[in-house]
Amino acid sequence: MNNKNFYITTTLPYVNAEPHIGHALEFVQADVLARYFRKKLGKENVFFNVGTDEHGLKIWRKAKEEGFEINDFVNKYANRFKDFCKLFFVSYDNFYRTSDPKHIESAKEFWRVCSENGDIYKKRYSGKYCVGCERFVTEKELIDGKCPEHGVAPEERNEENYFFRLSNYKEKLLEWLEKNPEVLKPSQKRDELKRIIQEIEDISISRLKENLPWGIEVPNDPEHVFYVWFDALTNYVNAVGFGEDKNKLEKWWPGVQIFGPDNLRFQGVIWQGMLASAGLKHSAKLLEHGMVLGADGRKMSKTLGNVISPFDQEQKFGAEVVRFYLLSGISTFSDSAYKEDDLLNLYNSRLANNFGNLLNRVIHLSNEKEVEINNEGALEENFKYEVDSRVSEIKSLFEDFEIALVSEKIDELANFGNKYITEKEPWKKEVTKDQCTNILNNLSYLLKKVIELYEPIIPESTQKALIALEKRERIILFKKI
RNA sequence: CGCGGGGUAGAGCAGUGGAAGCUCGUUAGGCUCAUAACCUAAAGGUCGUCGGUUCGAGUCCGACCCCCGCAACCA
């Protein structure tokens with residue numbers, strides 16, 4: 001990424017379950033940024049990657065349990081995620097699948113490069129292995145002999161594994177973070193990242209193929225397969241030409257990575273170490289979004305019965321309303337409770353009453369008064385200045401990835417329009433046609449800006465709004481719920 | 001002393017050193033072009049507690065109290 005190009009990628013969800021509301025948050029946040037930068041830099045200068053992580057023991061076992069051929073199983077979920085993207089207007093440029101033969105080649109190439117740089121070695125390892133975590137766990141981590149995360153007793157394993165010399169990069173990563181304090185957002189997480197780096201140890205990056213047939217074979221050692229994380233993480237550069245097209249890679253990498261709180265160690269440390277080993281630049285930006293909590297402010301769980309399904313929400317309110325709420329009502333960088341009441345309040349207040357209503361007022365008045373609108377020549381300087389300065393403030397918030405703040409400021413801009421029209425009272429008989437022309441053109445200009453700024457957030461409605469404004473057709477864009 | 005996140009108006013949240021803000025709700029008024037929408041005003045906050053740094057702290061430091069997550073469908 002540089003000033004001319006913008007590359008953003010989500011994490012790749014693991015395909016052992018249905019898409020949930022957290023995936024929706026991450027995908028939709030990334031989508032907003034991709035859409036914003038497409039408008040700013042041009043479509044050809046933005047690359048938005050999403051996809052699915054399809055290897056690993058959990059998936060292998062789940063497929064068997066459900067009586068699926070492994071390929072059918074992962075295809076089913078990959079398609080599920082594709083449908084999910086379509087449903088929520090996630091405009092990806094690339095849907096990356098780690099079962100794709102191209103990925104397999106690129107991941108192997110990544111391994112070779114790290115290996116040539118002396119960062120991969122083989123070591124006999126014995127210990128307790130948690131299938132859920134897909135890693136060896138230490139005695140210290142266990143509670144009552146069980147993995148605290150998955151509640152199952154780990155399996156005894158004694159095997160030879162390949163290790164990645166992450167410890168080689170400890171000092172370099174600390175230095176990188178020190179020199180680039182702005183790389184991680186939100187900044188409050190910086191200390192946590194630093195601590196994780198300080199605790200770096202070499203990591204196991206392979207499994208025996210006899211235990212795990214569903215993985216990528218290690219180059220020149222077919223008895224071993226990649227540990228799923230090592231394979232999956234490479235997608236971020238593979239998607240933009242690693243091991244295949246140097247110019248392409250040069251154009252896009254380093255990129256912006258968006259991920260959830262449980263992923264900081266992987267995106268912020270392991271992956272950065274891998275990049276360094278492969279001689280690639282560190283990520284340009286790490287955006288850690290928050291958790292979507294249940295309506296009660298607690299983490300969603302089946303037992304608590306507070307799980308919110310993105311599909312149910314879509315059925316109930318429509319995709320754009322859900323999108324709008326995820327982006328505006330849910331904090332961009334911290335945990336937030338998902339409450340339907342808040343969703344309704346925010347939708348009614350900001351979209352129906354403020355933006356939608358203003359749009360309708362202006363269109364209606366321009367027809368009543370027979371005044372041409374959408375004419376920038378009839379704009380008042382002061383008004384334009386006010387609107388433009390708000391617009392540039394909002395754009396800089398976009399570029400600082402502050403999506404919820406962006407949404408709030410757009411709302412304020414629309415509200416400024418409602419105040420203005422109330423103050424000017426263009427419906428009054430005493431207002432001359434010239435005055436009315438000025439007032440309504442000021443407002444149509446403001447509305448165009450609001451529409452343009454809202455476009456990344458609610459792409460479909462803004463399209464309709466623009467058409468209505470241009471054709472001066474009355475429209476109930478957002479029906480009050 | 002396990003690790004981490006958080007405590008800001010009735011509710012939900014924003015606010016990383018310089019006049020306490022947003023949405024909803026409540027009360028009173030205005031307007032009537034508009035989706036019973038819009039505008040104005042008011043009420044409502046010791047920014048968890050105590051101490052410290054500073055000309056100045058919700059914002060930095062220390063101690064303490066309380067809530068939440070680390071069990072899942074894991075972002």
# chains A, B, ... in the order shown; residues from 1 in each chain; ligands from 1

call {"tool": "residues_around", "arguments": {"residues": "A:Trp271", "least_positions_apart": "5", "cutoff": "12 Å", "atoms": "only C-alpha atoms (C1' of nucleotides)", "output": "short mmCIF file (atom, residue, chain, number, x, y, z; two decimals) with C-alpha atoms, in the first residue's frame"}}
result
data_model
loop_
_atom_site.label_atom_id
_atom_site.label_comp_id
_atom_site.auth_asym_id
_atom_site.auth_seq_id
_atom_site.Cartn_x
_atom_site.Cartn_y
_atom_site.Cartn_z
CA THR A 11 -8.75 -12.76 8.20
CA PHE A 110 6.87 -19.24 1.32
CA PHE A 164 9.88 -21.68 12.77
CA LEU A 166 10.29 -16.81 15.44
CA TYR A 169 12.81 -11.81 15.02
CA LEU A 173 9.74 -6.87 15.83
CA ILE A 197 6.43 -10.06 21.17
CA ILE A 203 6.63 -22.17 16.99
CA TRP A 229 -1.85 -21.32 10.63
CA PHE A 230 1.42 -21.30 8.79
CA ASP A 231 -0.35 -22.16 5.61
CA ALA A 232 -3.29 -19.82 6.06
CA LEU A 233 -1.33 -16.71 7.01
CA THR A 234 0.60 -16.74 3.77
CA ASN A 235 -2.61 -15.95 1.90
CA TYR A 236 -2.24 -12.25 2.62
CA VAL A 237 0.71 -11.98 0.29
CA GLN A 257 -5.11 -6.17 7.80
CA ASN A 263 -6.02 -12.73 16.39
CA LEU A 264 -3.51 -10.18 17.57
CA ARG A 265 -0.84 -12.81 18.24
CA PHE A 266 -1.20 -14.27 14.77
CA ALA A 276 10.52 -10.71 7.98
CA SER A 277 11.88 -14.18 7.36
CA ALA A 278 10.62 -14.13 3.79
CA LEU A 280 8.91 -8.98 2.89
CA LYS A 281 7.74 -5.76 4.44
CA HIS A 282 5.62 -5.72 7.56
CA SER A 283 1.91 -5.03 7.23
CA LEU A 286 -3.20 -3.69 11.71
#

call {"tool": "interface_residues", "arguments": {"of": "chain A", "to": "chain B", "cutoff": "6 Å", "atoms": "only C-alpha atoms (C1' of nucleotides)", "output": "number ranges by chain"}}
result
A: 22-23, 260, 301, 353, 357, 361, 365, 427

call {"tool": "atom_distance", "arguments": {"atom1": "atom CA of A:Lys299", "atom2": "atom CA of A:Asp262"}}
result
13.2 Å

call {"tool": "residues_around", "arguments": {"residues": "A:Gly215", "least_positions_apart": "3", "cutoff": "7 Å", "atoms": "only C-alpha atoms (C1' of nucleotides)", "output": "PyMOL selection string"}}
result
chain A and resi 55-56+212+225-226

call {"tool": "write_last_selection", "arguments": {"atoms": "N, CA, C and O atoms", "output": "CSV table (one decimal), in the first residue's frame"}}
result
chain,number,residue,atom,x,y,z
A,55,HIS,N,-7.9,-25.8,5.7
A,55,HIS,CA,-7.2,-26.9,6.2
A,55,HIS,C,-7.3,-27.2,7.7
A,55,HIS,O,-7.9,-26.4,8.4
A,56,GLY,N,-6.7,-28.3,8.1
A,56,GLY,CA,-6.6,-28.5,9.5
A,56,GLY,C,-7.4,-29.6,10.1
A,56,GLY,O,-8.4,-30.1,9.4
A,212,LEU,N,-2.7,-36.2,10.1
A,212,LEU,CA,-3.5,-35.1,9.5
A,212,LEU,C,-3.4,-35.2,8.0
A,212,LEU,O,-2.5,-34.6,7.4
A,225,VAL,N,2.9,-32.3,7.1
A,225,VAL,CA,2.1,-31.2,6.4
A,225,VAL,C,2.2,-29.9,7.2
A,225,VAL,O,2.6,-30.0,8.4
A,226,PHE,N,1.8,-28.8,6.6
A,226,PHE,CA,1.9,-27.5,7.3
A,226,PHE,C,0.9,-27.5,8.4
A,226,PHE,O,-0.2,-28.0,8.3

call {"tool": "residues_around", "arguments": {"residues": "A:Tyr7", "least_positions_apart": "4", "cutoff": "10 Å", "atoms": "only C-alpha atoms (C1' of nucleotides)", "output": "PyMOL selection string"}}
result
chain A and resi 1-2+33-34+37+45-49+236+240+251-257+284

call {"tool": "residues_around", "arguments": {"residues": "A:Lys479", "least_positions_apart": "3", "cutoff": "9 Å", "atoms": "only C-alpha atoms (C1' of nucleotides)", "output": "list of chain:residue names"}}
result
A:Asn348, A:Leu351, A:Ala352, A:Gly356, A:Ile476, B:U35

call {"tool": "closest_residue", "arguments": {"among": "A:Asn16, A:Ser366, A:Ser389, A:Ser91", "to": "A:Pro456", "atoms": "only C-alpha atoms"}}
result
A:Ser91

call {"tool": "residues_around", "arguments": {"residues": "stretch 48-65 of chain B", "least_positions_apart": "4", "cutoff": "12 Å", "atoms": "only C-alpha atoms (C1' of nucleotides)", "output": "JSON, numbers by chain"}}
result
{"B": [6, 7, 8, 14, 15, 16, 17, 18, 19, 20, 21]}

call {"tool": "atom_distance", "arguments": {"atom1": "atom CA of A:His289", "atom2": "atom CA of A:Phe398"}}
result
15.0 Å

call {"tool": "atom_distance", "arguments": {"atom1": "atom CA of A:Leu343", "atom2": "atom CA of A:Tyr325"}}
result
5.6 Å

call {"tool": "closest_residue", "arguments": {"among": "A:Val228, A:Leu359, A:Leu208, A:Ile258", "to": "A:Phe401", "atoms": "only C-alpha atoms"}}
result
A:Ile258

call {"tool": "decode", "arguments": {"residues": "stretch 8-36 of chain B", "atoms": "N, CA, C and O atoms (P, O5', C5', C4', C3', O3' and C1' of nucleotides)", "output": "short mmCIF file (atom, residue, chain, number, x, y, z; two decimals), in the first residue's frame"}}
result
data_model
loop_
_atom_site.label_atom_id
_atom_site.label_comp_id
_atom_site.auth_asym_id
_atom_site.auth_seq_id
_atom_site.Cartn_x
_atom_site.Cartn_y
_atom_site.Cartn_z
P U B 8 -19.96 4.48 33.08
"O5'" U B 8 -19.29 5.88 32.76
"C5'" U B 8 -19.09 6.83 33.78
"C4'" U B 8 -19.12 8.21 33.21
"C3'" U B 8 -20.38 8.55 32.42
"O3'" U B 8 -21.44 8.94 33.28
"C1'" U B 8 -18.51 9.19 31.16
P A B 9 -22.84 8.37 33.11
"O5'" A B 9 -23.80 9.53 33.64
"C5'" A B 9 -25.12 9.25 34.03
"C4'" A B 9 -26.01 10.42 33.69
"C3'" A B 9 -27.30 10.01 32.96
"O3'" A B 9 -28.40 10.00 33.85
"C1'" A B 9 -26.33 12.02 32.11
P G B 10 -28.39 9.14 35.16
"O5'" G B 10 -29.93 8.78 35.20
"C5'" G B 10 -30.40 7.62 35.84
"C4'" G B 10 -31.22 6.78 34.88
"C3'" G B 10 -30.40 6.13 33.76
"O3'" G B 10 -29.82 4.91 34.20
"C1'" G B 10 -32.29 7.18 32.83
P A B 11 -28.52 4.37 33.50
"O5'" A B 11 -29.11 3.87 32.11
"C5'" A B 11 -29.81 2.62 32.03
"C4'" A B 11 -30.01 2.28 30.57
"C3'" A B 11 -28.73 2.20 29.75
"O3'" A B 11 -28.12 0.92 29.88
"C1'" A B 11 -30.29 3.53 28.61
P G B 12 -26.53 0.84 29.76
"O5'" G B 12 -26.31 1.11 28.20
"C5'" G B 12 -26.76 0.15 27.25
"C4'" G B 12 -26.47 0.66 25.87
"C3'" G B 12 -25.02 1.04 25.62
"O3'" G B 12 -24.23 -0.09 25.34
"C1'" G B 12 -26.45 2.73 24.78
P C B 13 -22.67 -0.04 25.65
"O5'" C B 13 -22.25 1.37 25.07
"C5'" C B 13 -21.02 1.56 24.44
"C4'" C B 13 -21.14 2.72 23.48
"C3'" C B 13 -19.93 3.64 23.43
"O3'" C B 13 -18.93 3.11 22.58
"C1'" C B 13 -21.89 4.94 23.53
P A B 14 -17.42 3.41 22.93
"O5'" A B 14 -17.27 4.94 22.48
"C5'" A B 14 -17.48 5.26 21.13
"C4'" A B 14 -17.30 6.74 20.87
"C3'" A B 14 -16.02 7.41 21.34
"O3'" A B 14 -14.91 7.05 20.55
"C1'" A B 14 -17.86 8.87 21.55
P G B 15 -13.47 6.99 21.20
"O5'" G B 15 -13.26 8.47 21.78
"C5'" G B 15 -12.93 9.54 20.89
"C4'" G B 15 -13.01 10.84 21.65
"C3'" G B 15 -11.99 11.02 22.76
"O3'" G B 15 -10.80 11.58 22.24
"C1'" G B 15 -14.14 11.61 23.57
P U B 16 -9.50 10.64 21.97
"O5'" U B 16 -8.34 11.46 22.69
"C5'" U B 16 -8.23 11.50 24.10
"C4'" U B 16 -6.87 10.98 24.51
"C3'" U B 16 -5.70 11.61 23.74
"O3'" U B 16 -5.35 12.81 24.39
"C1'" U B 16 -5.40 9.26 23.93
P G B 17 -4.06 13.60 24.02
"O5'" G B 17 -4.20 14.85 24.99
"C5'" G B 17 -5.28 14.88 25.95
"C4'" G B 17 -5.12 16.12 26.73
"C3'" G B 17 -4.33 17.22 26.03
"O3'" G B 17 -5.06 18.05 25.13
"C1'" G B 17 -3.82 17.06 28.37
P G B 18 -6.65 18.29 25.13
"O5'" G B 18 -6.84 19.55 26.06
"C5'" G B 18 -7.99 19.62 26.92
"C4'" G B 18 -8.30 21.08 27.19
"C3'" G B 18 -8.57 21.83 25.91
"O3'" G B 18 -10.00 21.98 25.85
"C1'" G B 18 -6.85 22.92 27.22
P A B 19 -10.80 23.37 25.51
"O5'" A B 19 -12.24 22.77 25.86
"C5'" A B 19 -12.54 22.32 27.13
"C4'" A B 19 -13.09 23.46 28.00
"C3'" A B 19 -14.53 23.21 28.46
"O3'" A B 19 -14.44 22.79 29.80
"C1'" A B 19 -14.32 25.35 27.41
P A B 20 -15.36 21.56 30.12
"O5'" A B 20 -16.42 21.76 28.96
"C5'" A B 20 -17.71 21.27 29.16
"C4'" A B 20 -17.74 19.84 28.64
"C3'" A B 20 -19.09 19.45 28.13
"O3'" A B 20 -19.09 19.81 26.76
"C1'" A B 20 -18.09 17.70 29.39
P G B 21 -20.40 20.28 26.10
"O5'" G B 21 -20.42 19.06 25.09
"C5'" G B 21 -21.38 18.89 24.16
"C4'" G B 21 -20.99 17.68 23.38
"C3'" G B 21 -22.19 16.82 23.03
"O3'" G B 21 -22.87 17.40 21.93
"C1'" G B 21 -20.42 15.44 23.73
P C B 22 -24.40 17.11 21.73
"O5'" C B 22 -24.37 15.67 21.05
"C5'" C B 22 -23.78 15.51 19.77
"C4'" C B 22 -23.90 14.08 19.34
"C3'" C B 22 -25.28 13.46 19.49
"O3'" C B 22 -26.10 13.80 18.38
"C1'" C B 22 -23.68 11.98 20.36
P U B 23 -27.68 13.91 18.58
"O5'" U B 23 -28.09 12.38 18.66
"C5'" U B 23 -28.08 11.57 17.49
"C4'" U B 23 -28.52 10.18 17.85
"C3'" U B 23 -29.83 10.11 18.62
"O3'" U B 23 -30.95 10.19 17.77
"C1'" U B 23 -28.24 8.75 19.69
P C B 24 -32.27 10.88 18.30
"O5'" C B 24 -32.82 9.81 19.36
"C5'" C B 24 -33.23 8.53 18.92
"C4'" C B 24 -33.47 7.64 20.11
"C3'" C B 24 -34.47 8.16 21.13
"O3'" C B 24 -35.81 7.93 20.73
"C1'" C B 24 -32.57 7.32 22.25
P G B 25 -36.93 8.99 21.16
"O5'" G B 25 -36.95 8.82 22.75
"C5'" G B 25 -37.42 7.61 23.34
"C4'" G B 25 -37.27 7.70 24.83
"C3'" G B 25 -37.92 8.91 25.48
"O3'" G B 25 -39.31 8.70 25.67
"C1'" G B 25 -35.75 8.64 26.34
P U B 26 -40.30 9.96 25.54
"O5'" U B 26 -39.94 10.81 26.84
"C5'" U B 26 -40.10 10.23 28.14
"C4'" U B 26 -39.76 11.26 29.19
"C3'" U B 26 -40.38 12.62 28.99
"O3'" U B 26 -41.73 12.65 29.45
"C1'" U B 26 -38.11 12.89 29.53
P U B 27 -42.78 13.58 28.67
"O5'" U B 27 -42.36 15.04 29.15
"C5'" U B 27 -42.47 15.39 30.52
"C4'" U B 27 -42.01 16.82 30.69
"C3'" U B 27 -42.59 17.82 29.71
"O3'" U B 27 -43.88 18.23 30.07
"C1'" U B 27 -40.27 18.16 29.88
P A B 28 -44.89 18.73 28.92
"O5'" A B 28 -44.29 20.14 28.51
"C5'" A B 28 -44.41 21.24 29.41
"C4'" A B 28 -43.67 22.43 28.87
"C3'" A B 28 -44.07 22.89 27.48
"O3'" A B 28 -45.25 23.67 27.47
"C1'" A B 28 -41.74 22.83 27.60
P G B 29 -46.19 23.70 26.12
"O5'" G B 29 -45.31 24.49 25.05
"C5'" G B 29 -45.26 25.91 25.11
"C4'" G B 29 -44.14 26.41 24.25
"C3'" G B 29 -44.38 26.40 22.74
"O3'" G B 29 -45.22 27.43 22.30
"C1'" G B 29 -42.20 25.64 23.20
P G B 30 -46.11 27.21 20.96
"O5'" G B 30 -45.04 27.32 19.78
"C5'" G B 30 -44.30 28.52 19.60
"C4'" G B 30 -43.26 28.29 18.54
"C3'" G B 30 -43.77 27.87 17.17
"O3'" G B 30 -44.24 28.98 16.42
"C1'" G B 30 -41.92 26.53 17.75
P C B 31 -45.42 28.75 15.34
"O5'" C B 31 -44.68 27.93 14.21
"C5'" C B 31 -43.63 28.54 13.44
"C4'" C B 31 -43.01 27.50 12.55
"C3'" C B 31 -43.97 26.84 11.57
"O3'" C B 31 -44.11 27.62 10.41
"C1'" C B 31 -42.69 25.17 12.66
P U B 32 -45.52 27.84 9.76
"O5'" U B 32 -45.74 26.50 8.96
"C5'" U B 32 -44.72 25.98 8.10
"C4'" U B 32 -44.98 24.51 7.97
"C3'" U B 32 -46.27 24.21 7.23
"O3'" U B 32 -45.83 23.76 5.96
"C1'" U B 32 -46.06 22.92 9.29
P C B 33 -46.78 23.66 4.70
"O5'" C B 33 -45.74 22.75 3.91
"C5'" C B 33 -45.49 22.93 2.55
"C4'" C B 33 -44.22 22.22 2.25
"C3'" C B 33 -44.11 20.84 2.87
"O3'" C B 33 -44.80 19.92 2.09
"C1'" C B 33 -42.08 22.01 3.15
P A B 34 -45.57 18.72 2.75
"O5'" A B 34 -44.37 17.78 3.21
"C5'" A B 34 -43.55 17.16 2.22
"C4'" A B 34 -42.46 16.41 2.94
"C3'" A B 34 -43.00 15.40 3.95
"O3'" A B 34 -43.08 14.15 3.30
"C1'" A B 34 -41.34 16.78 4.96
P U B 35 -44.33 13.20 3.57
"O5'" U B 35 -43.66 12.16 4.55
"C5'" U B 35 -44.43 11.08 5.09
"C4'" U B 35 -43.56 10.39 6.10
"C3'" U B 35 -43.10 11.30 7.25
"O3'" U B 35 -43.86 10.98 8.40
"C1'" U B 35 -41.40 9.82 6.47
P A B 36 -45.10 10.86 8.93
"O5'" A B 36 -44.64 10.91 10.46
"C5'" A B 36 -43.97 12.05 10.98
"C4'" A B 36 -44.57 12.37 12.30
"C3'" A B 36 -44.38 11.30 13.35
"O3'" A B 36 -43.36 11.75 14.19
"C1'" A B 36 -46.56 12.26 13.38
#
